[in-house]
$ cat structure.cif   # mmCIF, C-alpha atoms
data_structure
loop_
_atom_site.label_atom_id
_atom_site.label_comp_id
_atom_site.auth_asym_id
_atom_site.auth_seq_id
_atom_site.Cartn_x
_atom_site.Cartn_y
_atom_site.Cartn_z
CA MET B 1 -7.64 -18.85 -5.27
CA THR B 2 -8.91 -16.86 -2.29
CA SER B 3 -7.37 -13.81 -0.65
CA ALA B 4 -5.89 -14.02 2.83
CA PRO B 5 -3.14 -12.17 4.71
CA LEU B 6 0.40 -13.25 3.86
CA THR B 7 1.49 -15.82 6.42
CA ALA B 8 4.45 -18.17 6.38
CA ILE B 9 4.12 -21.83 5.47
CA ASP B 10 6.36 -24.30 7.27
CA PRO B 11 9.04 -25.43 4.79
CA ALA B 12 8.19 -29.02 5.68
CA GLU B 13 4.71 -28.45 4.24
CA LEU B 14 5.68 -26.73 1.01
CA ASN B 15 3.54 -27.89 -1.90
CA PRO B 16 1.73 -26.33 -4.87
CA ALA B 17 -1.68 -26.54 -3.21
CA ALA B 18 -0.53 -24.38 -0.29
CA THR B 19 1.50 -21.84 -2.27
CA LYS B 20 -0.15 -18.43 -2.59
CA ILE B 21 -0.15 -16.91 -6.10
CA GLY B 22 0.02 -13.15 -6.58
CA PHE B 23 -0.02 -10.74 -9.50
CA THR B 24 2.33 -7.87 -10.30
CA LEU B 25 1.00 -4.38 -10.91
CA SER B 26 3.74 -3.22 -13.28
CA SER B 27 4.08 0.51 -12.78
CA GLU B 28 6.96 0.64 -15.28
CA GLU B 29 4.55 -0.43 -18.05
CA PHE B 30 1.21 1.19 -17.15
CA PRO B 31 -0.25 4.45 -15.83
CA GLY B 32 -2.16 4.56 -12.57
CA PRO B 33 -5.71 4.17 -13.98
CA ASP B 34 -4.71 1.02 -15.86
CA LEU B 35 -3.11 -0.44 -12.73
CA LEU B 36 -6.39 0.02 -10.86
CA GLY B 37 -8.18 -1.99 -13.53
CA HIS B 38 -5.56 -4.73 -13.40
CA ALA B 39 -5.84 -4.90 -9.62
CA SER B 40 -9.61 -5.20 -9.70
CA ALA B 41 -9.47 -7.89 -12.39
CA ALA B 42 -6.82 -9.88 -10.52
CA GLU B 43 -8.84 -9.77 -7.30
CA LYS B 44 -12.01 -10.90 -9.07
CA ALA B 45 -10.05 -13.70 -10.74
CA GLY B 46 -9.02 -15.01 -7.32
CA PHE B 47 -5.36 -14.07 -7.02
CA ASP B 48 -4.13 -14.23 -3.43
CA PHE B 49 -2.18 -10.95 -3.29
CA LEU B 50 -0.83 -8.06 -5.35
CA MET B 51 2.59 -6.47 -5.55
CA ILE B 52 3.18 -3.03 -7.05
CA SER B 53 6.58 -1.81 -8.20
CA ASP B 54 7.98 1.52 -6.99
CA HIS B 55 10.00 3.24 -9.72
CA PHE B 56 10.88 6.78 -10.71
CA HIS B 57 12.01 5.63 -14.17
CA PRO B 58 11.00 2.60 -16.21
CA TRP B 59 13.80 0.17 -17.05
CA VAL B 60 13.64 0.93 -20.79
CA GLU B 61 11.83 3.64 -22.74
CA ALA B 62 9.45 1.13 -24.34
CA GLN B 63 7.86 0.48 -20.95
CA GLY B 64 6.98 4.16 -20.83
CA ASN B 65 5.53 4.71 -17.33
CA SER B 66 6.32 5.35 -13.67
CA PRO B 67 3.35 6.62 -11.62
CA PHE B 68 3.98 7.55 -7.97
CA VAL B 69 3.30 4.37 -6.03
CA TRP B 70 1.88 6.05 -2.92
CA GLY B 71 -0.77 7.85 -4.94
CA VAL B 72 -1.71 4.63 -6.71
CA LEU B 73 -1.91 2.76 -3.39
CA GLY B 74 -4.45 5.27 -2.12
CA ALA B 75 -6.58 4.67 -5.19
CA LEU B 76 -6.11 0.88 -4.87
CA ALA B 77 -7.79 1.06 -1.47
CA GLY B 78 -10.99 2.02 -3.29
CA ALA B 79 -10.48 -0.19 -6.34
CA THR B 80 -10.09 -3.43 -4.36
CA ASP B 81 -11.98 -5.00 -1.48
CA GLU B 82 -9.96 -7.61 0.41
CA ILE B 83 -6.82 -8.60 -1.47
CA PRO B 84 -3.48 -7.95 0.29
CA ILE B 85 -1.19 -5.45 -1.46
CA GLY B 86 2.50 -4.79 -0.98
CA THR B 87 5.24 -2.68 -2.51
CA GLY B 88 7.65 -4.70 -4.57
CA VAL B 89 9.86 -2.94 -3.62
CA THR B 90 10.39 0.54 -2.15
CA CYS B 91 13.87 1.96 -1.51
CA PRO B 92 13.68 3.99 1.75
CA THR B 93 17.25 5.31 1.71
CA THR B 94 18.02 7.82 -1.04
CA ARG B 95 15.26 9.23 -3.23
CA ILE B 96 12.87 9.38 -0.27
CA HIS B 97 13.90 9.72 3.39
CA PRO B 98 12.83 6.79 5.59
CA ALA B 99 10.71 9.12 7.73
CA ILE B 100 8.58 9.96 4.71
CA ILE B 101 8.29 6.27 3.81
CA ALA B 102 7.20 5.58 7.40
CA GLN B 103 4.44 8.17 7.09
CA ALA B 104 3.38 7.03 3.61
CA ALA B 105 3.27 3.36 4.59
CA ALA B 106 1.32 4.14 7.76
CA THR B 107 -1.30 5.95 5.69
CA ALA B 108 -1.42 3.12 3.14
CA ALA B 109 -1.95 0.62 5.96
CA ASP B 110 -4.74 2.80 7.36
CA LEU B 111 -6.48 2.86 3.97
CA LEU B 112 -5.89 -0.87 3.43
CA PRO B 113 -6.56 -2.18 6.95
CA GLY B 114 -4.94 -5.53 7.63
CA ARG B 115 -3.90 -6.03 4.02
CA PHE B 116 -0.92 -3.77 3.29
CA PHE B 117 2.69 -4.85 3.64
CA LEU B 118 5.80 -2.78 3.02
CA GLY B 119 8.40 -4.39 0.78
CA VAL B 120 11.75 -2.58 0.90
CA GLY B 121 15.09 -3.00 -0.80
CA SER B 122 18.45 -1.33 -1.32
CA GLY B 123 17.39 0.23 -4.63
CA GLU B 124 18.82 0.78 -8.08
CA ARG B 125 20.82 3.68 -9.46
CA LEU B 126 18.10 3.99 -12.13
CA ASN B 127 15.67 5.43 -9.58
CA GLU B 128 17.85 6.81 -6.81
CA HIS B 129 20.49 8.87 -8.67
CA ILE B 130 17.93 11.56 -9.51
CA VAL B 131 18.50 13.43 -6.22
CA GLY B 132 22.21 13.72 -6.95
CA GLN B 133 23.56 11.70 -4.04
CA HIS B 134 26.52 9.35 -4.23
CA TRP B 135 25.57 5.79 -5.25
CA PRO B 136 27.38 3.47 -2.81
CA ASP B 137 28.40 -0.17 -3.11
CA ASN B 138 26.04 -3.01 -2.25
CA SER B 139 27.32 -3.58 1.29
CA THR B 140 26.89 0.10 2.18
CA ARG B 141 23.40 0.13 0.68
CA LEU B 142 22.43 -2.79 2.91
CA ASP B 143 23.76 -0.92 5.96
CA GLN B 144 21.67 2.09 4.90
CA LEU B 145 18.63 -0.15 4.52
CA ALA B 146 19.10 -1.63 7.97
CA GLU B 147 19.24 1.84 9.56
CA ALA B 148 16.25 3.00 7.50
CA VAL B 149 14.08 0.06 8.61
CA GLU B 150 15.05 0.67 12.24
CA LEU B 151 14.04 4.33 11.89
CA ILE B 152 10.72 3.45 10.22
CA GLN B 153 9.86 1.04 13.03
CA LYS B 154 10.77 3.62 15.70
CA LEU B 155 8.45 6.16 14.10
CA TRP B 156 5.65 3.61 14.01
CA GLU B 157 5.77 3.45 17.81
CA GLY B 158 4.03 6.83 17.75
CA SER B 159 6.46 8.75 19.92
CA LEU B 160 8.59 11.80 19.18
CA VAL B 161 11.79 10.60 17.51
CA SER B 162 15.14 12.28 17.04
CA HIS B 163 17.89 10.32 15.35
CA SER B 164 21.50 10.98 14.42
CA GLY B 165 22.83 7.87 12.75
CA GLU B 166 25.54 6.99 10.29
CA TYR B 167 23.29 7.69 7.30
CA PHE B 168 20.14 9.47 8.47
CA THR B 169 19.15 12.37 10.71
CA LEU B 170 15.72 13.03 12.16
CA ASP B 171 14.76 16.05 14.26
CA ARG B 172 11.80 15.61 16.63
CA ALA B 173 9.44 13.82 14.28
CA LYS B 174 6.20 12.08 15.20
CA ILE B 175 3.69 10.27 13.00
CA TYR B 176 0.23 11.14 14.25
CA SER B 177 -1.88 9.08 11.84
CA LEU B 178 -1.04 5.47 12.58
CA PRO B 179 -3.13 2.47 11.52
CA ASN B 180 -4.70 0.10 14.03
CA GLU B 181 -2.52 -2.64 12.56
CA LEU B 182 1.02 -1.74 11.52
CA PRO B 183 2.19 -3.25 8.23
CA PRO B 184 4.84 -5.96 8.25
CA VAL B 185 8.14 -5.08 6.57
CA PHE B 186 9.53 -7.56 4.03
CA LEU B 187 13.06 -7.17 2.69
CA ALA B 188 14.22 -7.90 -0.85
CA ALA B 189 17.21 -10.23 -1.00
CA GLY B 190 19.35 -11.16 -3.97
CA GLY B 191 22.12 -12.79 -1.96
CA PRO B 192 22.94 -14.32 1.43
CA GLU B 193 23.94 -11.01 3.07
CA ALA B 194 20.58 -9.43 2.26
CA ALA B 195 18.76 -12.64 3.25
CA THR B 196 20.41 -12.50 6.67
CA LEU B 197 19.34 -8.87 7.04
CA ALA B 198 15.77 -9.80 6.07
CA ALA B 199 15.74 -12.40 8.84
CA LYS B 200 17.15 -9.93 11.35
CA VAL B 201 15.00 -6.83 10.81
CA GLY B 202 12.04 -7.92 8.65
CA LYS B 203 8.96 -10.12 8.80
CA GLY B 204 9.50 -11.78 5.43
CA LEU B 205 11.69 -12.03 2.34
CA ILE B 206 11.16 -11.00 -1.29
CA GLY B 207 13.19 -12.47 -4.14
CA VAL B 208 13.22 -12.50 -7.91
CA ALA B 209 14.89 -15.85 -8.63
CA PRO B 210 14.50 -19.48 -7.45
CA ASP B 211 17.72 -19.28 -5.45
CA ASP B 212 17.54 -21.94 -2.75
CA GLU B 213 20.73 -20.64 -1.08
CA VAL B 214 19.05 -17.30 -0.42
CA ILE B 215 15.90 -18.98 0.91
CA GLN B 216 17.95 -21.40 3.01
CA THR B 217 20.03 -18.58 4.51
CA TYR B 218 16.88 -16.68 5.41
CA SER B 219 15.12 -19.76 6.82
CA ASP B 220 18.11 -20.67 8.97
CA ALA B 221 18.30 -17.17 10.46
CA ALA B 222 14.65 -16.13 10.78
CA ALA B 223 12.83 -16.60 14.06
CA PRO B 224 9.94 -16.81 13.52
CA LEU B 225 9.98 -17.77 9.87
CA GLY B 226 8.16 -15.28 7.67
CA PRO B 227 6.65 -15.50 4.19
CA ARG B 228 9.08 -16.11 1.34
CA VAL B 229 7.75 -14.12 -1.62
CA GLY B 230 9.19 -14.62 -5.11
CA GLN B 231 8.50 -12.82 -8.36
CA ILE B 232 8.52 -14.82 -11.60
CA GLN B 233 8.63 -13.33 -15.11
CA PHE B 234 6.11 -14.66 -17.62
CA CYS B 235 4.75 -13.56 -20.97
CA PHE B 236 1.45 -15.08 -22.03
CA GLY B 237 0.73 -14.83 -25.77
CA GLU B 238 -0.76 -16.55 -28.81
CA SER B 239 2.48 -18.50 -29.24
CA ALA B 240 5.80 -18.82 -27.46
CA ASP B 241 7.59 -17.00 -30.28
CA ALA B 242 5.10 -14.12 -30.43
CA ALA B 243 5.23 -13.72 -26.65
CA LEU B 244 9.02 -13.76 -26.79
CA ASP B 245 8.90 -10.87 -29.27
CA THR B 246 6.70 -8.99 -26.80
CA ALA B 247 9.09 -9.68 -23.96
CA LEU B 248 12.08 -8.57 -26.01
CA GLU B 249 10.35 -5.28 -26.78
CA TYR B 250 9.02 -4.47 -23.31
CA TRP B 251 11.25 -6.29 -20.83
CA PRO B 252 14.69 -7.15 -22.29
CA ASN B 253 16.18 -6.33 -18.89
CA ALA B 254 14.95 -9.75 -17.69
CA ALA B 255 18.14 -11.09 -19.28
CA PHE B 256 20.43 -8.91 -17.16
CA GLY B 257 22.26 -10.72 -14.38
CA GLY B 258 24.62 -9.82 -11.57
CA ASN B 259 24.70 -6.19 -10.39
CA LEU B 260 24.01 -4.68 -13.80
CA SER B 261 20.43 -3.75 -13.00
CA GLN B 262 21.56 -1.93 -9.85
CA GLU B 263 24.23 0.14 -11.57
CA ILE B 264 22.81 1.52 -14.84
CA ALA B 265 21.44 5.04 -14.46
CA LEU B 266 19.04 5.76 -17.34
CA PRO B 267 16.37 3.94 -19.35
CA SER B 268 18.26 4.86 -22.52
CA ASP B 269 21.37 3.16 -21.12
CA PHE B 270 19.35 0.04 -20.31
CA ALA B 271 18.04 0.11 -23.88
CA SER B 272 21.60 0.30 -25.21
CA ALA B 273 22.61 -2.69 -23.10
CA ALA B 274 19.47 -4.51 -24.23
CA GLU B 275 20.62 -4.34 -27.85
CA LEU B 276 22.92 -7.23 -26.94
CA VAL B 277 20.01 -9.36 -25.69
CA THR B 278 18.84 -12.03 -28.12
CA LYS B 279 15.57 -13.94 -28.17
CA GLU B 280 17.50 -17.07 -27.26
CA THR B 281 19.05 -15.40 -24.22
CA LEU B 282 15.68 -14.09 -23.06
CA ALA B 283 13.98 -17.44 -23.67
CA ALA B 284 16.31 -18.98 -21.09
CA LYS B 285 15.09 -16.46 -18.48
CA ILE B 286 11.32 -16.36 -18.89
CA THR B 287 8.43 -18.64 -19.84
CA THR B 288 6.38 -17.55 -22.84
CA GLY B 289 3.35 -18.68 -24.83
CA ASN B 290 0.15 -20.40 -23.76
CA ASP B 291 1.05 -23.92 -22.61
CA PRO B 292 -0.15 -24.22 -18.98
CA ASP B 293 2.23 -27.11 -18.31
CA GLU B 294 5.27 -24.96 -19.06
CA PHE B 295 4.06 -22.22 -16.73
CA VAL B 296 3.33 -24.77 -14.01
CA ALA B 297 6.83 -26.19 -14.36
CA ALA B 298 8.30 -22.71 -13.96
CA LEU B 299 6.22 -22.08 -10.82
CA ASN B 300 7.41 -25.39 -9.40
CA THR B 301 11.02 -24.19 -9.46
CA TYR B 302 10.03 -21.52 -6.95
CA VAL B 303 8.26 -23.98 -4.65
CA GLU B 304 11.24 -26.30 -4.82
CA ALA B 305 13.54 -23.40 -3.90
CA GLY B 306 11.46 -22.76 -0.78
CA TYR B 307 9.07 -19.93 -1.69
CA ASP B 308 5.59 -20.10 -0.21
CA HIS B 309 4.28 -17.08 -2.15
CA VAL B 310 4.93 -16.51 -5.87
CA TYR B 311 3.74 -13.47 -7.77
CA ILE B 312 3.47 -13.42 -11.54
CA HIS B 313 4.80 -10.55 -13.62
CA GLN B 314 3.06 -10.65 -17.00
CA ILE B 315 5.19 -8.73 -19.49
CA GLY B 316 3.53 -6.55 -22.09
CA PRO B 317 0.12 -5.04 -22.91
CA ASP B 318 -2.17 -8.06 -22.51
CA GLN B 319 -2.60 -7.99 -18.75
CA LEU B 320 -6.29 -8.88 -18.73
CA GLY B 321 -5.82 -11.83 -21.08
CA ALA B 322 -3.00 -13.07 -18.89
CA ILE B 323 -5.07 -12.74 -15.72
CA GLU B 324 -7.77 -14.91 -17.29
CA PHE B 325 -5.24 -17.46 -18.56
CA PHE B 326 -3.39 -17.77 -15.27
CA SER B 327 -6.51 -17.95 -13.12
CA GLN B 328 -8.42 -20.42 -15.33
CA GLU B 329 -5.67 -22.63 -16.73
CA VAL B 330 -2.36 -22.27 -14.91
CA ALA B 331 -3.49 -21.93 -11.29
CA PRO B 332 -5.83 -24.97 -11.29
CA ALA B 333 -3.18 -27.14 -12.95
CA PHE B 334 -0.60 -25.92 -10.45
CA ARG B 335 -2.88 -26.47 -7.45
CA ASN B 336 -3.92 -29.96 -8.47
CA GLN B 337 -0.42 -31.41 -8.64
CA PRO B 338 0.78 -33.91 -6.07
CA GLY B 339 2.47 -32.00 -3.27
CA PRO B 340 5.63 -33.77 -2.12
CA ARG B 341 7.31 -32.47 1.00
CA HIS B 342 10.65 -30.80 0.41
CA GLU B 343 12.71 -32.60 2.99
CA GLU B 344 15.89 -30.57 2.50
CA HIS B 345 14.02 -27.46 3.75
CA ALA B 346 12.24 -29.37 6.51
CA VAL B 347 15.52 -30.62 7.96
CA SER B 348 17.06 -27.16 7.91
CA ALA B 349 14.04 -25.55 9.55
CA ALA B 350 14.10 -28.06 12.36
CA THR B 351 17.77 -27.56 13.21
#
$ encode --input "structure.cif" --output "structure tokens"
Amino acid sequence: MTSAPLTAIDPAELNPAATKIGFTLSSEEFPGPDLLGHASAAEKAGFDFLMISDHFHPWVEAQGNSPFVWGVLGALAGATDEIPIGTGVTCPTTRIHPAIIAQAAATAADLLPGRFFLGVGSGERLNEHIVGQHWPDNSTRLDQLAEAVELIQKLWEGSLVSHSGEYFTLDRAKIYSLPNELPPVFLAAGGPEAATLAAKVGKGLIGVAPDDEVIQTYSDAAAPLGPRVGQIQFCFGESADAALDTALEYWPNAAFGGNLSQEIALPSDFASAAELVTKETLAAKITTGNDPDEFVAALNTYVEAGYDHVYIHQIGPDQLGAIEFFSQEVAPAFRNQPGPRHEEHAVSAAT
């Protein structure tokens, strides 16, 4: 694997050899210094890109961390050399005003020239309720996100901006330190409405499931087509059962579906809900163990859904062991598969 900027692959050419593989810097599970070590190791191992989560709280207490992503990004500029890095994802609507995100992202892009991208989403109550504002429904949150992205992009033009919108106000603000190359904005999408918004106001899409309807909706609406970036949950370990125990301890929230993850407010509440999660339920959601073929099969579901970038979230303490396993055993096996064209996406993209 070699690092290169995130660029879209024509859906007609989707195949394992072309798919970029990234690695998750899990800020819910590790403090900033550890994340720097993981980033350096992933770059040296040949991963194509990195994504770092932006949380105020971890999902459950066992994860135990939540460093400030913008501070870590500054340090990542010195801990890495060439690998692209994006936020996966930042909410620019509630906890932090979009003007501050615009300034923070501009500085990150200046420190990471040509290799920073801003991933944004509509957020979760877990992180956003802390400032005491009303937590709206999903449709309203998407409207807020659309206005926030518009405001961020206006500020990146470098002029003095005043704004009085439905959700945000800005009084004569100007960002003076702008990078030579502005970062692209990618939007997280868990459904067709968000996928349409990603096509309208963003340069790419971020997802967390192999949902071909979401990818198809985005691909039909995007002009030009941007990168489709998907996160996949894995847990490498000495056996599938041992890794499943690790996942149940550190990431039981992988089993949560629907809007549950957007609505729960506290890590302790997530932990209470997680008491209902069984190993069997979790096993249906993530791939565990050390069989490269099983991990390759899981990655293939993302390619078949239409993703051209997939980033691995390794659950639990053994990040360095997982980086070695994925780079030496999973990635080569994945790359060396036959690469059939996915005609259903090719037809849609051409129409």
$ resolve_selection --input "structure.cif" --expression "the PyMOL selection byres ((chain B and resi 237) around 9)" --output "PDB file with C-alpha atoms, in the coordinates of the input"
ATOM      1  CA  CYS B 235       4.750 -13.560 -20.970  1.00  0.00           C
ATOM      2  CA  PHE B 236       1.450 -15.080 -22.030  1.00  0.00           C
ATOM      3  CA  GLU B 238      -0.760 -16.550 -28.810  1.00  0.00           C
ATOM      4  CA  SER B 239       2.480 -18.500 -29.240  1.00  0.00           C
ATOM      5  CA  ALA B 240       5.800 -18.820 -27.460  1.00  0.00           C
ATOM      6  CA  ASP B 241       7.590 -17.000 -30.280  1.00  0.00           C
ATOM      7  CA  ALA B 242       5.100 -14.120 -30.430  1.00  0.00           C
ATOM      8  CA  ALA B 243       5.230 -13.720 -26.650  1.00  0.00           C
ATOM      9  CA  LEU B 244       9.020 -13.760 -26.790  1.00  0.00           C
ATOM     10  CA  THR B 246       6.700  -8.990 -26.800  1.00  0.00           C
ATOM     11  CA  THR B 288       6.380 -17.550 -22.840  1.00  0.00           C
ATOM     12  CA  GLY B 289       3.350 -18.680 -24.830  1.00  0.00           C
ATOM     13  CA  ASN B 290       0.150 -20.400 -23.760  1.00  0.00           C
ATOM     14  CA  ASP B 318      -2.170  -8.060 -22.510  1.00  0.00           C
ATOM     15  CA  GLY B 321      -5.820 -11.830 -21.080  1.00  0.00           C
ATOM     16  CA  ALA B 322      -3.000 -13.070 -18.890  1.00  0.00           C
TER      17      ALA B 322
END
$ closest_residue --input "structure.cif" --among "B:Pro113, B:Pro31, B:Pro267, B:Pro224" --to "Ala77 (chain B)" --atoms "only C-alpha atoms"
B:Pro113
$ residues_around --input "structure.cif" --residues "Gln133 (chain B)" --least-positions-apart "2" --cutoff "12 Å" --atoms "all atoms listed in the file" --output "list in words"
Thr93, Thr94, Arg95, Ile96, Arg125, Asn127, Glu128, His129, Ile130, Val131, Trp135 and Pro136 of chain B
$ closest_residue --input "structure.cif" --among "B:His313, B:Phe23, B:Ala75, B:Phe47" --to "Gln328 (chain B)" --atoms "all atoms listed in the file"
B:Phe47
$ resolve_selection --input "structure.cif" --expression "the PyMOL selection byres ((chain B and resi 308) around 9)" --output "list in words"
Thr7, Ala8, Ile9, Asp10, Pro11, Leu14, Asn15, Pro16, Ala18, Thr19, Lys20, Ile21, Pro227, Arg228, Val229, Gly230, Tyr302, Val303, Gly306, Tyr307, His309 and Val310 of chain B
$ atom_distance --input "structure.cif" --atom1 "CA of Ile232 (chain B)" --atom2 "CA of Glu43 (chain B)"
18.6 Å
$ atom_distance --input "structure.cif" --atom1 "CA of Ala148 (chain B)" --atom2 "CA of Ala173 (chain B)"
14.5 Å
$ atom_distance --input "structure.cif" --atom1 "CA of Ser26 (chain B)" --atom2 "CA of Pro58 (chain B)"
9.8 Å
$ closest_atom_pairs --input "structure.cif" --of "region 156-221 of chain B" --to "region 247-258 of chain B" --cutoff "12 Å" --atoms "all atoms listed in the file" --output "CSV"
residue,atom,partner,partner_atom,distance
B:Gly190,CA,B:Gly258,CA,9.3
B:Gly191,CA,B:Gly258,CA,10.4
B:Val208,CA,B:Ala254,CA,10.3
B:Ala209,CA,B:Gly257,CA,10.7
$ resolve_selection --input "structure.cif" --expression "the PyMOL selection byres ((chain B and resi 50-52) around 8)" --output "list in words"
Gly22, Phe23, Thr24, Leu25, Ser26, Ser27, Ala39, Phe47, Asp48, Phe49, Ser53, Asp54, Val69, Ile83, Pro84, Ile85, Gly86, Thr87, Gly88, Val89 and Tyr311 of chain B
$ write_last_selection --input "structure.cif" --atoms "C-alpha atoms" --output "mmCIF file, in the frame of the given file"
data_model
loop_
_atom_site.group_PDB
_atom_site.id
_atom_site.type_symbol
_atom_site.label_atom_id
_atom_site.label_comp_id
_atom_site.auth_asym_id
_atom_site.auth_seq_id
_atom_site.Cartn_x
_atom_site.Cartn_y
_atom_site.Cartn_z
ATOM 1 C CA GLY B 22 0.020 -13.150 -6.580
ATOM 2 C CA PHE B 23 -0.020 -10.740 -9.500
ATOM 3 C CA THR B 24 2.330 -7.870 -10.300
ATOM 4 C CA LEU B 25 1.000 -4.380 -10.910
ATOM 5 C CA SER B 26 3.740 -3.220 -13.280
ATOM 6 C CA SER B 27 4.080 0.510 -12.780
ATOM 7 C CA ALA B 39 -5.840 -4.900 -9.620
ATOM 8 C CA PHE B 47 -5.360 -14.070 -7.020
ATOM 9 C CA ASP B 48 -4.130 -14.230 -3.430
ATOM 10 C CA PHE B 49 -2.180 -10.950 -3.290
ATOM 11 C CA SER B 53 6.580 -1.810 -8.200
ATOM 12 C CA ASP B 54 7.980 1.520 -6.990
ATOM 13 C CA VAL B 69 3.300 4.370 -6.030
ATOM 14 C CA ILE B 83 -6.820 -8.600 -1.470
ATOM 15 C CA PRO B 84 -3.480 -7.950 0.290
ATOM 16 C CA ILE B 85 -1.190 -5.450 -1.460
ATOM 17 C CA GLY B 86 2.500 -4.790 -0.980
ATOM 18 C CA THR B 87 5.240 -2.680 -2.510
ATOM 19 C CA GLY B 88 7.650 -4.700 -4.570
ATOM 20 C CA VAL B 89 9.860 -2.940 -3.620
ATOM 21 C CA TYR B 311 3.740 -13.470 -7.770
#
